[in-house]
>>> print(open('work-v5.cif').read())   # mmCIF, C-alpha atoms and all ligand atoms
data_work
#
loop_
_atom_site.label_atom_id
_atom_site.label_comp_id
_atom_site.auth_asym_id
_atom_site.auth_seq_id
_atom_site.Cartn_x
_atom_site.Cartn_y
_atom_site.Cartn_z
CA MET X 271 192.72 76.85 -22.86
CA THR X 272 195.38 74.17 -23.08
CA THR X 273 194.77 70.76 -24.62
CA SER X 274 194.65 69.05 -21.24
CA GLU X 275 192.18 71.61 -19.85
CA ARG X 276 189.98 70.93 -22.83
CA THR X 277 190.32 67.18 -22.25
CA TYR X 278 189.33 67.59 -18.59
CA GLN X 279 186.36 69.66 -19.67
CA GLN X 280 185.24 66.90 -22.02
CA LEU X 281 185.68 64.24 -19.35
CA ILE X 282 183.63 66.30 -16.89
CA GLU X 283 180.83 66.77 -19.41
CA HIS X 284 180.90 63.06 -20.15
CA LEU X 285 180.66 62.22 -16.44
CA GLU X 286 177.79 64.59 -15.83
CA GLN X 287 175.86 63.09 -18.73
CA GLU X 288 176.62 59.58 -17.53
CA HIS X 289 175.49 60.54 -14.03
CA THR X 290 172.11 61.76 -15.28
CA GLN X 291 171.70 58.68 -17.44
CA LEU X 292 172.67 56.21 -14.71
CA ALA X 293 170.39 57.87 -12.14
CA LYS X 294 167.51 57.53 -14.59
CA GLU X 295 168.32 53.86 -15.30
CA LEU X 296 168.76 53.04 -11.63
CA LYS X 297 165.39 54.57 -10.70
CA HIS X 298 163.73 52.80 -13.60
CA GLU X 299 165.18 49.40 -12.63
CA MET X 300 164.23 49.90 -9.00
CA LEU X 301 160.66 50.65 -9.95
CA LEU X 302 160.56 47.61 -12.23
CA ASN X 303 161.78 45.45 -9.36
CA THR X 304 159.33 47.18 -7.00
CA LEU X 305 162.03 48.10 -4.52
CA VAL X 306 160.23 51.35 -3.96
CA PRO X 307 156.48 51.81 -3.54
CA SER X 308 155.95 54.52 -6.15
CA ALA X 309 157.51 56.81 -8.74
CA THR X 310 156.91 59.72 -6.37
CA ALA X 311 158.82 58.00 -3.58
CA ILE X 312 161.77 57.36 -5.85
CA GLU X 313 161.89 60.96 -7.06
CA GLN X 314 162.02 62.17 -3.47
CA ALA X 315 164.60 59.64 -2.32
CA ASP X 316 168.21 60.56 -1.83
CA LEU X 317 170.51 59.11 -4.49
CA ASN X 318 172.79 57.59 -1.86
CA GLU X 319 169.86 55.83 -0.24
CA LEU X 320 168.84 54.41 -3.60
CA ILE X 321 172.37 53.16 -4.19
CA VAL X 322 172.44 51.41 -0.80
CA MET X 323 169.01 49.92 -1.42
CA ALA X 324 169.93 48.68 -4.90
CA LYS X 325 173.17 47.14 -3.66
CA SER X 326 171.45 45.29 -0.84
CA SER X 327 168.79 43.94 -3.22
CA PHE X 328 171.28 41.41 -4.63
CA ILE X 329 169.57 41.61 -8.00
CA PRO X 330 172.65 41.25 -10.24
CA ASN X 331 172.00 43.92 -12.88
CA LEU X 332 170.69 46.33 -10.25
CA PHE X 333 173.76 45.70 -8.12
CA ASP X 334 176.08 46.43 -11.05
CA LEU X 335 174.13 49.54 -11.91
CA ALA X 336 174.37 50.76 -8.31
CA MET X 337 178.14 50.13 -8.23
CA LYS X 338 178.57 52.12 -11.43
CA MET X 339 176.31 54.87 -10.14
CA GLU X 340 178.29 55.08 -6.91
CA LYS X 341 181.57 55.43 -8.78
CA VAL X 342 180.26 58.08 -11.18
CA ASP X 343 178.55 59.91 -8.31
CA ALA X 344 181.84 60.07 -6.41
CA ALA X 345 183.56 61.47 -9.50
CA VAL X 346 180.83 64.10 -9.98
CA CYS X 347 181.18 65.06 -6.29
CA SER X 348 184.92 65.50 -6.76
CA ILE X 349 184.21 67.83 -9.71
CA LYS X 350 182.04 69.98 -7.44
CA LEU X 351 184.79 70.03 -4.82
CA GLY X 352 187.37 70.97 -7.43
CA MET X 353 189.20 67.72 -6.74
CA TYR X 354 188.50 65.98 -10.01
CA GLY X 355 191.46 64.14 -11.47
CA LEU X 356 193.21 63.85 -8.11
CA CYS X 357 193.81 60.43 -6.61
CA VAL X 358 191.61 59.74 -3.55
CA ASP X 359 194.50 58.01 -1.82
CA CYS X 360 197.65 60.03 -2.50
CA GLU X 361 196.07 63.23 -3.93
CA GLU X 362 198.47 63.20 -6.85
CA GLU X 363 197.11 63.92 -10.31
CA ILE X 364 195.74 60.86 -12.05
CA GLU X 365 197.38 60.31 -15.43
CA LEU X 366 195.26 61.83 -18.18
CA GLU X 367 195.29 58.67 -20.25
CA GLU X 368 193.92 56.77 -17.23
CA LEU X 369 191.05 59.24 -17.00
CA GLN X 370 190.40 58.97 -20.70
CA ALA X 371 190.14 55.21 -20.36
CA ASP X 372 187.82 55.58 -17.35
CA PRO X 373 186.64 59.12 -16.52
CA ALA X 374 185.35 57.97 -13.11
CA GLN X 375 188.70 56.45 -12.13
CA PRO X 376 189.30 57.50 -8.49
CA ARG X 377 192.91 56.35 -8.10
CA CYS X 378 196.21 56.90 -9.82
CA HIS X 379 198.02 54.02 -11.40
CA SER X 380 200.43 53.35 -8.56
CA CYS X 381 197.74 53.44 -5.84
CA ARG X 382 195.65 51.06 -7.90
CA ALA X 383 198.60 48.74 -8.21
CA HIS X 384 198.90 48.75 -4.41
CA SER X 385 195.18 48.60 -3.73
CA ARG X 386 193.78 45.49 -2.16
CA TYR X 387 190.60 46.17 -4.06
CA HIS X 388 192.00 46.14 -7.54
CA HIS X 389 190.30 43.44 -9.52
CA ASP X 390 189.03 45.05 -12.67
CA GLN X 391 192.22 46.47 -14.14
ZN ZN R 401 197.47 57.72 -5.86
#
>>> encode(input="work-v5.cif", output="structure tokens", more="lines below")
Ligand SMILES: [Zn+2]
Amino acid sequence: MTTSERTYQQLIEHLEQEHTQLAKELKHEMLLNTLVPSATAIEQADLNELIVMAKSSFIPNLFDLAMKMEKVDAAVCSIKLGMYGLCVDCEEEIELEELQADPAQPRCHSCRAHSRYHHDQ
């Protein structure tokens, strides 16, 4: 295994842990804010539905949590598809140091620079 393969492996493990943690937090917050009728309902709900629901609640911390969850979920999906580390726009490899700074980063540096949506970099 090369150093970069090992680094990818660590980033993937980190993302999967973060995904589990965020899903737990999101469900907890949604129950606290009674956005769902019961713990059973939330366990059976689809994660994407929960994200949409949390975002449309306009409760600030829940909204932020849902945005984070959405980003990490997309990264975890790309791992499953074998596309992790590739830019969603140009499909070039995202620089490793960018991924180390933010393992859920979906875009390479140059696409981010050109993105209309860049506001947090
Ligand atoms: Zn790109």
>>> atom_distance(input="work-v5.cif", atom1="atom CA of Ile321 of chain X", atom2="atom CA of Asp359 of chain X")
22.8 Å
>>> closest_residue(input="work-v5.cif", among="X:Thr310, X:Ser380, X:Ser326, X:Thr290", to="ligand ZN 401 (chain R)", atoms="only C-alpha atoms and all ligand atoms")
X:Ser380
>>> atom_distance(input="work-v5.cif", atom1="atom CA of Cys360 of chain X", atom2="atom CA of Asp316 of chain X")
29.5 Å
>>> residues_near_ligand(input="work-v5.cif", ligand="ligand ZN 401 (chain R)", cutoff="12 Å", atoms="all atoms listed in the file", output="list of chain:residue names")
X:Gly355, X:Leu356, X:Cys357, X:Val358, X:Asp359, X:Cys360, X:Glu361, X:Glu362, X:Glu363, X:Ile364, X:Glu365, X:Glu368, X:Gln375, X:Pro376, X:Arg377, X:Cys378, X:His379, X:Ser380, X:Cys381, X:Arg382, X:Ala383, X:His384, X:Ser385
>>> residues_near_point(input="work-v5.cif", point="(161.2, 54.0, -2.2)", cutoff="12 Å", atoms="only C-alpha atoms", output="PDB file with C-alpha atoms, keeping the file's coordinate frame")
ATOM      1  CA  LYS X 297     165.390  54.570 -10.700  1.00  0.00           C
ATOM      2  CA  HIS X 298     163.730  52.800 -13.600  1.00  0.00           C
ATOM      3  CA  MET X 300     164.230  49.900  -9.000  1.00  0.00           C
ATOM      4  CA  LEU X 301     160.660  50.650  -9.950  1.00  0.00           C
ATOM      5  CA  LEU X 302     160.560  47.610 -12.230  1.00  0.00           C
ATOM      6  CA  ASN X 303     161.780  45.450  -9.360  1.00  0.00           C
ATOM      7  CA  THR X 304     159.330  47.180  -7.000  1.00  0.00           C
ATOM      8  CA  LEU X 305     162.030  48.100  -4.520  1.00  0.00           C
ATOM      9  CA  VAL X 306     160.230  51.350  -3.960  1.00  0.00           C
ATOM     10  CA  PRO X 307     156.480  51.810  -3.540  1.00  0.00           C
ATOM     11  CA  SER X 308     155.950  54.520  -6.150  1.00  0.00           C
ATOM     12  CA  ALA X 309     157.510  56.810  -8.740  1.00  0.00           C
ATOM     13  CA  THR X 310     156.910  59.720  -6.370  1.00  0.00           C
ATOM     14  CA  ALA X 311     158.820  58.000  -3.580  1.00  0.00           C
ATOM     15  CA  ILE X 312     161.770  57.360  -5.850  1.00  0.00           C
ATOM     16  CA  GLU X 313     161.890  60.960  -7.060  1.00  0.00           C
ATOM     17  CA  GLN X 314     162.020  62.170  -3.470  1.00  0.00           C
ATOM     18  CA  ALA X 315     164.600  59.640  -2.320  1.00  0.00           C
ATOM     19  CA  ASP X 316     168.210  60.560  -1.830  1.00  0.00           C
ATOM     20  CA  LEU X 317     170.510  59.110  -4.490  1.00  0.00           C
ATOM     21  CA  GLU X 319     169.860  55.830  -0.240  1.00  0.00           C
ATOM     22  CA  LEU X 320     168.840  54.410  -3.600  1.00  0.00           C
ATOM     23  CA  ILE X 321     172.370  53.160  -4.190  1.00  0.00           C
ATOM     24  CA  VAL X 322     172.440  51.410  -0.800  1.00  0.00           C
ATOM     25  CA  MET X 323     169.010  49.920  -1.420  1.00  0.00           C
ATOM     26  CA  ALA X 324     169.930  48.680  -4.900  1.00  0.00           C
TER      27      ALA X 324
END
>>> atom_distance(input="work-v5.cif", atom1="atom CA of Pro373 of chain X", atom2="atom CA of Lys341 of chain X")
10.0 Å
>>> axis_aligned_box(input="work-v5.cif", around="segment 362-381 of chain X", padding_each_side="6 Å", output="AutoDock Vina command-line options")
--center_x 192.9 --center_y 58.6 --center_z -13.3 --size_x 27.1 --size_y 22.6 --size_z 26.9
>>> closest_residue(input="work-v5.cif", among="X:Cys347, X:Met353, X:Met271, X:Val342", to="Ala374 of chain X", atoms="only C-alpha atoms")
X:Val342
>>> closest_residue(input="work-v5.cif", among="X:Lys338, X:Glu367, X:Gly352, X:Ala344", to="Leu292 of chain X", atoms="only C-alpha atoms")
X:Lys338
>>> closest_residue(input="work-v5.cif", among="X:Gln287, X:Asn331, X:Ser274, X:Gln279", to="Asp343 of chain X", atoms="only C-alpha atoms")
X:Gln287
>>> closest_residue(input="work-v5.cif", among="X:Ala345, X:Ala371, X:Leu351, X:Leu366", to="Ile282 of chain X", atoms="all atoms listed in the file")
X:Ala345
>>> build_atoms(input="work-v5.cif", residues="segment 279-309 of chain X", atoms="N, CA and C atoms", output="PDB file, in the coordinates of the input")
ATOM      1  N   GLN X 279     187.705  69.136 -19.462  1.00  0.00           N
ATOM      2  CA  GLN X 279     186.360  69.660 -19.670  1.00  0.00           C
ATOM      3  C   GLN X 279     185.456  68.627 -20.332  1.00  0.00           C
ATOM      4  N   GLN X 280     186.016  67.933 -21.320  1.00  0.00           N
ATOM      5  CA  GLN X 280     185.240  66.900 -22.020  1.00  0.00           C
ATOM      6  C   GLN X 280     184.921  65.726 -21.105  1.00  0.00           C
ATOM      7  N   LEU X 281     185.898  65.352 -20.280  1.00  0.00           N
ATOM      8  CA  LEU X 281     185.680  64.240 -19.350  1.00  0.00           C
ATOM      9  C   LEU X 281     184.591  64.595 -18.337  1.00  0.00           C
ATOM     10  N   ILE X 282     184.629  65.831 -17.867  1.00  0.00           N
ATOM     11  CA  ILE X 282     183.630  66.300 -16.890  1.00  0.00           C
ATOM     12  C   ILE X 282     182.237  66.284 -17.503  1.00  0.00           C
ATOM     13  N   GLU X 283     182.134  66.785 -18.737  1.00  0.00           N
ATOM     14  CA  GLU X 283     180.830  66.770 -19.410  1.00  0.00           C
ATOM     15  C   GLU X 283     180.320  65.341 -19.588  1.00  0.00           C
ATOM     16  N   HIS X 284     181.250  64.476 -19.969  1.00  0.00           N
ATOM     17  CA  HIS X 284     180.900  63.060 -20.150  1.00  0.00           C
ATOM     18  C   HIS X 284     180.371  62.461 -18.841  1.00  0.00           C
ATOM     19  N   LEU X 285     181.066  62.748 -17.745  1.00  0.00           N
ATOM     20  CA  LEU X 285     180.660  62.220 -16.440  1.00  0.00           C
ATOM     21  C   LEU X 285     179.296  62.737 -16.014  1.00  0.00           C
ATOM     22  N   GLU X 286     179.074  64.027 -16.242  1.00  0.00           N
ATOM     23  CA  GLU X 286     177.790  64.590 -15.830  1.00  0.00           C
ATOM     24  C   GLU X 286     176.631  63.989 -16.628  1.00  0.00           C
ATOM     25  N   GLN X 287     176.888  63.749 -17.905  1.00  0.00           N
ATOM     26  CA  GLN X 287     175.860  63.090 -18.730  1.00  0.00           C
ATOM     27  C   GLN X 287     175.621  61.661 -18.258  1.00  0.00           C
ATOM     28  N   GLU X 288     176.736  60.964 -17.979  1.00  0.00           N
ATOM     29  CA  GLU X 288     176.620  59.580 -17.530  1.00  0.00           C
ATOM     30  C   GLU X 288     175.879  59.512 -16.197  1.00  0.00           C
ATOM     31  N   HIS X 289     176.142  60.479 -15.333  1.00  0.00           N
ATOM     32  CA  HIS X 289     175.490  60.540 -14.030  1.00  0.00           C
ATOM     33  C   HIS X 289     173.968  60.661 -14.186  1.00  0.00           C
ATOM     34  N   THR X 290     173.546  61.570 -15.031  1.00  0.00           N
ATOM     35  CA  THR X 290     172.110  61.760 -15.280  1.00  0.00           C
ATOM     36  C   THR X 290     171.489  60.485 -15.827  1.00  0.00           C
ATOM     37  N   GLN X 291     172.188  59.890 -16.798  1.00  0.00           N
ATOM     38  CA  GLN X 291     171.700  58.680 -17.440  1.00  0.00           C
ATOM     39  C   GLN X 291     171.596  57.510 -16.461  1.00  0.00           C
ATOM     40  N   LEU X 292     172.649  57.318 -15.671  1.00  0.00           N
ATOM     41  CA  LEU X 292     172.670  56.210 -14.710  1.00  0.00           C
ATOM     42  C   LEU X 292     171.592  56.379 -13.640  1.00  0.00           C
ATOM     43  N   ALA X 293     171.409  57.613 -13.168  1.00  0.00           N
ATOM     44  CA  ALA X 293     170.390  57.870 -12.140  1.00  0.00           C
ATOM     45  C   ALA X 293     169.014  57.493 -12.683  1.00  0.00           C
ATOM     46  N   LYS X 294     168.787  57.842 -13.943  1.00  0.00           N
ATOM     47  CA  LYS X 294     167.510  57.530 -14.590  1.00  0.00           C
ATOM     48  C   LYS X 294     167.321  56.012 -14.687  1.00  0.00           C
ATOM     49  N   GLU X 295     168.374  55.326 -15.157  1.00  0.00           N
ATOM     50  CA  GLU X 295     168.320  53.860 -15.300  1.00  0.00           C
ATOM     51  C   GLU X 295     168.115  53.165 -13.957  1.00  0.00           C
ATOM     52  N   LEU X 296     168.843  53.645 -12.959  1.00  0.00           N
ATOM     53  CA  LEU X 296     168.760  53.040 -11.630  1.00  0.00           C
ATOM     54  C   LEU X 296     167.327  53.162 -11.086  1.00  0.00           C
ATOM     55  N   LYS X 297     166.760  54.341 -11.193  1.00  0.00           N
ATOM     56  CA  LYS X 297     165.390  54.570 -10.700  1.00  0.00           C
ATOM     57  C   LYS X 297     164.393  53.704 -11.466  1.00  0.00           C
ATOM     58  N   HIS X 298     164.600  53.613 -12.764  1.00  0.00           N
ATOM     59  CA  HIS X 298     163.730  52.800 -13.600  1.00  0.00           C
ATOM     60  C   HIS X 298     163.769  51.332 -13.179  1.00  0.00           C
ATOM     61  N   GLU X 299     164.998  50.803 -13.037  1.00  0.00           N
ATOM     62  CA  GLU X 299     165.180  49.400 -12.630  1.00  0.00           C
ATOM     63  C   GLU X 299     164.586  49.126 -11.255  1.00  0.00           C
ATOM     64  N   MET X 300     164.746  50.092 -10.359  1.00  0.00           N
ATOM     65  CA  MET X 300     164.230  49.900  -9.000  1.00  0.00           C
ATOM     66  C   MET X 300     162.714  49.867  -8.990  1.00  0.00           C
ATOM     67  N   LEU X 301     162.124  50.673  -9.840  1.00  0.00           N
ATOM     68  CA  LEU X 301     160.660  50.650  -9.950  1.00  0.00           C
ATOM     69  C   LEU X 301     160.189  49.338 -10.551  1.00  0.00           C
ATOM     70  N   LEU X 302     160.907  48.886 -11.587  1.00  0.00           N
ATOM     71  CA  LEU X 302     160.560  47.610 -12.230  1.00  0.00           C
ATOM     72  C   LEU X 302     160.621  46.449 -11.234  1.00  0.00           C
ATOM     73  N   ASN X 303     161.614  46.521 -10.346  1.00  0.00           N
ATOM     74  CA  ASN X 303     161.780  45.450  -9.360  1.00  0.00           C
ATOM     75  C   ASN X 303     160.999  45.737  -8.073  1.00  0.00           C
ATOM     76  N   THR X 304     160.176  46.742  -8.132  1.00  0.00           N
ATOM     77  CA  THR X 304     159.330  47.180  -7.000  1.00  0.00           C
ATOM     78  C   THR X 304     160.075  47.286  -5.675  1.00  0.00           C
ATOM     79  N   LEU X 305     161.281  47.861  -5.751  1.00  0.00           N
ATOM     80  CA  LEU X 305     162.030  48.100  -4.520  1.00  0.00           C
ATOM     81  C   LEU X 305     161.526  49.340  -3.807  1.00  0.00           C
ATOM     82  N   VAL X 306     160.817  50.150  -4.550  1.00  0.00           N
ATOM     83  CA  VAL X 306     160.230  51.350  -3.960  1.00  0.00           C
ATOM     84  C   VAL X 306     158.732  51.332  -4.274  1.00  0.00           C
ATOM     85  N   PRO X 307     157.935  51.905  -3.372  1.00  0.00           N
ATOM     86  CA  PRO X 307     156.480  51.810  -3.540  1.00  0.00           C
ATOM     87  C   PRO X 307     155.924  52.600  -4.728  1.00  0.00           C
ATOM     88  N   SER X 308     156.535  53.716  -5.083  1.00  0.00           N
ATOM     89  CA  SER X 308     155.950  54.520  -6.150  1.00  0.00           C
ATOM     90  C   SER X 308     156.990  55.401  -6.829  1.00  0.00           C
ATOM     91  N   ALA X 309     156.630  55.908  -8.001  1.00  0.00           N
ATOM     92  CA  ALA X 309     157.510  56.810  -8.740  1.00  0.00           C
ATOM     93  C   ALA X 309     157.752  58.092  -7.945  1.00  0.00           C
TER      94      ALA X 309
END
